[in-house]
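Below: one structure, written as structure tokens.
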Amino acid sequence: MKFSFERECIKAVSWARGRPNYGMGNMNHGLEEVCGNKRELSGPLVDSYLLKIRKQMSTKLSPSRTTQLGSLVILFIPWPIFRHITVLFRGYGGEVKFDGKKLKITSTLSSMETVEKVFSPSRFEGQDLLRKRHFSHVAGLKGEVEFLYKGNSSVVVSNNSPLTLDYNLKSQKVNVTVYIQQYRPEDFLVDSFLQNLNQ
């Protein structure tokens with residue numbers, strides 16, 4: 001008699017009474033449930049790899065960096081996991097293209113709304129790693145250390161400045177490129193490079 005562990009596991013998850021809330025925050029309940037049932041087989045691996053990508057983006061949000069196109073460290077993501085990630089990309093409005101000759105998959109997220117849903121804080125215990133506020137330490141009047149707000153950095157996504165993930169099927173590694181915008185304490189732009197790009 002043939003037995004499929006995957007089929008039985010999905011049945012158990014689908015019929016469970018205490019099912020998880022897949023539609024937390026701004027995430028789509030139906031789409032997350034489709035991918036979520038598959039994730040039950042191997043744990044929350046999709047979210048853990050999305051968190052790795054997001055943390056890499058966060059390292060580019062340094063106050064010393066200018067507005068720029070940042071190329072992140074290449075990450076190894078197994079194909080059985082990354083293919084589920086591409087389902088989320090498509091489901092939230094991203095574009096996924098396959099290049100058969102180069103064995104490469106290019107995922108393009110051209111909307112900030114798409115990026116905020118794929119990398120929703122609801123996946124990461126409320127952490128928002130797409131933006132970072134910067135502070136400096138100064139001596140107060142009573143000798144105590146005070147924090148002075150110096151501005152913030154943010155991931156910026158649009159049609160002309162998309163978040164791009166190039167995945168190599170042979171090496172199972174992904175290279176992520178993202179645009180970073182710097183802001184002054186008054187929320188004014190440090191420079192208008194991205195604004196000129198999007199005109």
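Identifiers in the structure tokens: chain A, B, ... in order shown; residue index from 1 per chain; ligand index from 1 in order shown.
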Excluding Leu50 of chain A and its own-chain neighbours fewer than 3 positions away, which residues fall within 12 Å of it when counting only C-alpha atoms? Please give them as a tab-separated table (two decimals) with N, CA and C atoms, in the first residue's frame.
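Ended up saving to result_19.tsv:
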chain	number	residue	atom	x	y	z
A	44	PRO	N	9.10	26.33	10.01
A	44	PRO	CA	8.98	27.66	9.38
A	44	PRO	C	10.26	28.07	8.63
A	45	LEU	N	10.71	27.21	7.70
A	45	LEU	CA	11.95	27.49	6.98
A	45	LEU	C	11.82	28.68	6.03
A	46	VAL	N	10.65	28.82	5.42
A	46	VAL	CA	10.47	29.95	4.50
A	46	VAL	C	10.65	31.26	5.24
A	47	ASP	N	10.00	31.40	6.40
A	47	ASP	CA	10.13	32.63	7.18
A	47	ASP	C	11.55	32.84	7.66
A	53	ILE	N	17.35	37.20	4.61
A	53	ILE	CA	17.43	38.21	3.56
A	53	ILE	C	17.16	39.59	4.14
A	54	ARG	N	16.16	39.67	4.99
A	54	ARG	CA	15.77	40.96	5.57
A	54	ARG	C	16.88	41.51	6.48
A	55	LYS	N	17.54	40.65	7.23
A	55	LYS	CA	18.64	41.10	8.08
A	55	LYS	C	19.81	41.61	7.25
A	56	GLN	N	20.04	40.97	6.10
A	56	GLN	CA	21.08	41.45	5.20
A	56	GLN	C	20.74	42.84	4.68
A	57	MET	N	19.46	43.09	4.38
A	57	MET	CA	19.05	44.42	3.95
A	57	MET	C	19.26	45.43	5.07
A	75	LEU	N	23.39	34.57	-0.50
A	75	LEU	CA	22.91	33.60	0.49
A	75	LEU	C	22.58	32.28	-0.17
A	76	PHE	N	22.84	31.19	0.53
A	76	PHE	CA	22.46	29.86	0.07
A	76	PHE	C	21.05	29.55	0.56
A	77	ILE	N	20.14	29.27	-0.37
A	77	ILE	CA	18.77	28.89	-0.03
A	77	ILE	C	18.42	27.65	-0.86
A	81	ILE	N	12.95	25.19	-0.81
A	81	ILE	CA	12.46	26.30	0.02
A	81	ILE	C	12.22	27.54	-0.84
A	82	PHE	N	13.16	27.84	-1.74
A	82	PHE	CA	13.05	29.07	-2.52
A	82	PHE	C	11.85	29.04	-3.46
A	84	HIS	N	8.94	27.93	-2.77
A	84	HIS	CA	7.80	28.40	-2.01
A	84	HIS	C	7.85	29.93	-1.83
A	85	ILE	N	9.07	30.45	-1.72
A	85	ILE	CA	9.23	31.91	-1.60
A	85	ILE	C	8.76	32.60	-2.87
A	86	THR	N	9.03	31.99	-4.04
A	86	THR	CA	8.57	32.59	-5.30
A	86	THR	C	7.05	32.60	-5.40
A	88	LEU	N	5.09	33.24	-2.88
A	88	LEU	CA	4.73	34.45	-2.14
A	88	LEU	C	4.99	35.70	-2.99
A	89	PHE	N	6.13	35.72	-3.70
A	89	PHE	CA	6.44	36.86	-4.57
A	89	PHE	C	5.32	37.08	-5.58
A	115	VAL	N	6.69	44.45	-1.03
A	115	VAL	CA	7.83	44.17	-0.15
A	115	VAL	C	7.40	44.13	1.31
A	116	GLU	N	6.52	45.06	1.71
A	116	GLU	CA	6.08	45.10	3.10
A	116	GLU	C	5.24	43.89	3.47
A	117	LYS	N	4.58	43.27	2.49
A	117	LYS	CA	3.80	42.07	2.77
A	117	LYS	C	4.67	40.82	2.79
A	118	VAL	N	5.61	40.73	1.84
A	118	VAL	CA	6.52	39.58	1.82
A	118	VAL	C	7.39	39.57	3.07
A	119	PHE	N	7.89	40.75	3.45
A	119	PHE	CA	8.75	40.86	4.63
A	119	PHE	C	7.98	41.51	5.79
A	120	SER	N	6.75	41.09	5.98
A	120	SER	CA	5.88	41.66	7.02
A	120	SER	C	6.45	41.42	8.41
A	121	PRO	N	6.40	42.42	9.30
A	121	PRO	CA	6.84	42.21	10.69
A	121	PRO	C	6.10	41.08	11.39
A	123	ARG	N	5.78	38.18	10.44
A	123	ARG	CA	6.58	36.96	10.32
A	123	ARG	C	7.71	36.91	11.34
A	124	PHE	N	8.15	38.08	11.80
A	124	PHE	CA	9.39	38.18	12.55
A	124	PHE	C	9.20	38.78	13.94
A	129	LEU	N	12.63	45.50	9.81
A	129	LEU	CA	14.03	45.66	9.42
A	129	LEU	C	14.18	46.36	8.08
A	165	LEU	N	15.92	39.82	-6.76
A	165	LEU	CA	16.56	38.61	-6.24
A	165	LEU	C	16.90	37.71	-7.41
A	174	VAL	N	21.28	32.97	-3.88
A	174	VAL	CA	20.52	34.13	-4.33
A	174	VAL	C	21.30	35.40	-4.04
A	176	VAL	N	20.80	39.48	-3.79
A	176	VAL	CA	19.73	40.47	-3.60
A	176	VAL	C	20.29	41.87	-3.80
Next on the checklist: Excluding Val87 of chain A and its own-chain neighbours fewer than 3 positions away, which residues fall within 10 Å of it when counting only C-alpha atoms? Please give them as a ChimeraX atom specification.
Outcome noted: /A:31-32,34-35,82-84,90-92,94,96
Of A:Tyr167, A:Gln172, A:Ser122, A:Arg133, the one nearest to Asn26 of chain A when counting only C-alpha atoms is A:Ser122
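When only C-alpha atoms are used to compute distances to Pro78 of chain A, the closest of the residues A:Met112, A:Lys173, A:Lys101, A:His134 turns out to be A:Lys173.
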Atom CA of His137 of chain A to atom CA of Tyr149 of chain A measures 9.2 Å
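The list of residues with at least one atom within 9 Å of Arg131 of chain A, based on only C-alpha atoms and without residues fewer than 5 positions apart in the same chain, reads A:Ser58, A:Leu61, A:Asn152, A:Ser153, A:Ser154, A:Val155.
Reported to one decimal place, the separation of atom CA of Lys150 of chain A from atom CA of Pro185 of chain A is 5.2 Å.
Nearest to Phe98 of chain A of all the residues A:Asp166, A:Glu144, A:Glu113, A:Glu125 is A:Asp166, based on only C-alpha atoms.
Relative to atom CA of Ile180 of chain A, atom CA of Ser136 of chain A is found at 20.4 Å.
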List the neighbours of Val138 of chain A out to 9 Å using only C-alpha atoms; skip same-chain residues closer than 4 positions along the sequence, and give me the result as a PDB file with all heavy atoms, in the first residue's frame.
ATOM      1  N   GLU A 144      24.712  62.650  32.443  1.00  0.00           N
ATOM      2  CA  GLU A 144      24.130  61.416  31.949  1.00  0.00           C
ATOM      3  C   GLU A 144      24.189  61.374  30.423  1.00  0.00           C
ATOM      4  O   GLU A 144      24.172  62.405  29.761  1.00  0.00           O
ATOM      5  CB  GLU A 144      22.664  61.304  32.401  1.00  0.00           C
ATOM      6  CG  GLU A 144      22.492  61.278  33.914  1.00  0.00           C
ATOM      7  CD  GLU A 144      21.032  61.237  34.308  1.00  0.00           C
ATOM      8  OE1 GLU A 144      20.177  61.389  33.399  1.00  0.00           O
ATOM      9  OE2 GLU A 144      20.745  61.057  35.500  1.00  0.00           O
ATOM     10  N   VAL A 145      24.266  60.185  29.891  1.00  0.00           N
ATOM     11  CA  VAL A 145      24.320  60.009  28.439  1.00  0.00           C
ATOM     12  C   VAL A 145      22.918  60.139  27.856  1.00  0.00           C
ATOM     13  O   VAL A 145      21.975  59.516  28.340  1.00  0.00           O
ATOM     14  CB  VAL A 145      24.917  58.634  28.071  1.00  0.00           C
ATOM     15  CG1 VAL A 145      24.882  58.430  26.560  1.00  0.00           C
ATOM     16  CG2 VAL A 145      26.340  58.521  28.593  1.00  0.00           C
ATOM     17  N   GLU A 146      22.787  60.991  26.861  1.00  0.00           N
ATOM     18  CA  GLU A 146      21.503  61.169  26.185  1.00  0.00           C
ATOM     19  C   GLU A 146      21.622  60.735  24.732  1.00  0.00           C
ATOM     20  O   GLU A 146      22.721  60.697  24.166  1.00  0.00           O
ATOM     21  CB  GLU A 146      21.073  62.639  26.254  1.00  0.00           C
ATOM     22  CG  GLU A 146      20.807  63.124  27.675  1.00  0.00           C
ATOM     23  CD  GLU A 146      20.358  64.575  27.709  1.00  0.00           C
ATOM     24  OE1 GLU A 146      20.357  65.212  26.617  1.00  0.00           O
ATOM     25  OE2 GLU A 146      20.020  65.067  28.787  1.00  0.00           O
ATOM     26  N   PHE A 147      20.481  60.402  24.145  1.00  0.00           N
ATOM     27  CA  PHE A 147      20.455  59.961  22.755  1.00  0.00           C
ATOM     28  C   PHE A 147      19.904  61.079  21.881  1.00  0.00           C
ATOM     29  O   PHE A 147      18.841  61.634  22.165  1.00  0.00           O
ATOM     30  CB  PHE A 147      19.594  58.707  22.602  1.00  0.00           C
ATOM     31  CG  PHE A 147      20.155  57.504  23.304  1.00  0.00           C
ATOM     32  CD1 PHE A 147      19.743  57.180  24.593  1.00  0.00           C
ATOM     33  CD2 PHE A 147      21.109  56.708  22.684  1.00  0.00           C
ATOM     34  CE1 PHE A 147      20.257  56.075  25.242  1.00  0.00           C
ATOM     35  CE2 PHE A 147      21.626  55.599  23.330  1.00  0.00           C
ATOM     36  CZ  PHE A 147      21.206  55.280  24.610  1.00  0.00           C
ATOM     37  N   LEU A 148      20.635  61.406  20.817  1.00  0.00           N
ATOM     38  CA  LEU A 148      20.245  62.456  19.886  1.00  0.00           C
ATOM     39  C   LEU A 148      19.867  61.824  18.554  1.00  0.00           C
ATOM     40  O   LEU A 148      20.650  61.104  17.945  1.00  0.00           O
ATOM     41  CB  LEU A 148      21.392  63.443  19.687  1.00  0.00           C
ATOM     42  CG  LEU A 148      21.136  64.602  18.713  1.00  0.00           C
ATOM     43  CD1 LEU A 148      20.035  65.511  19.251  1.00  0.00           C
ATOM     44  CD2 LEU A 148      22.419  65.395  18.486  1.00  0.00           C
TER      45      LEU A 148
END
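Counting only C-alpha atoms and comparing A:Lys104, A:Lys132, A:Lys170, A:Lys97, the residue that lies closest to Ser62 of chain A is A:Lys132.
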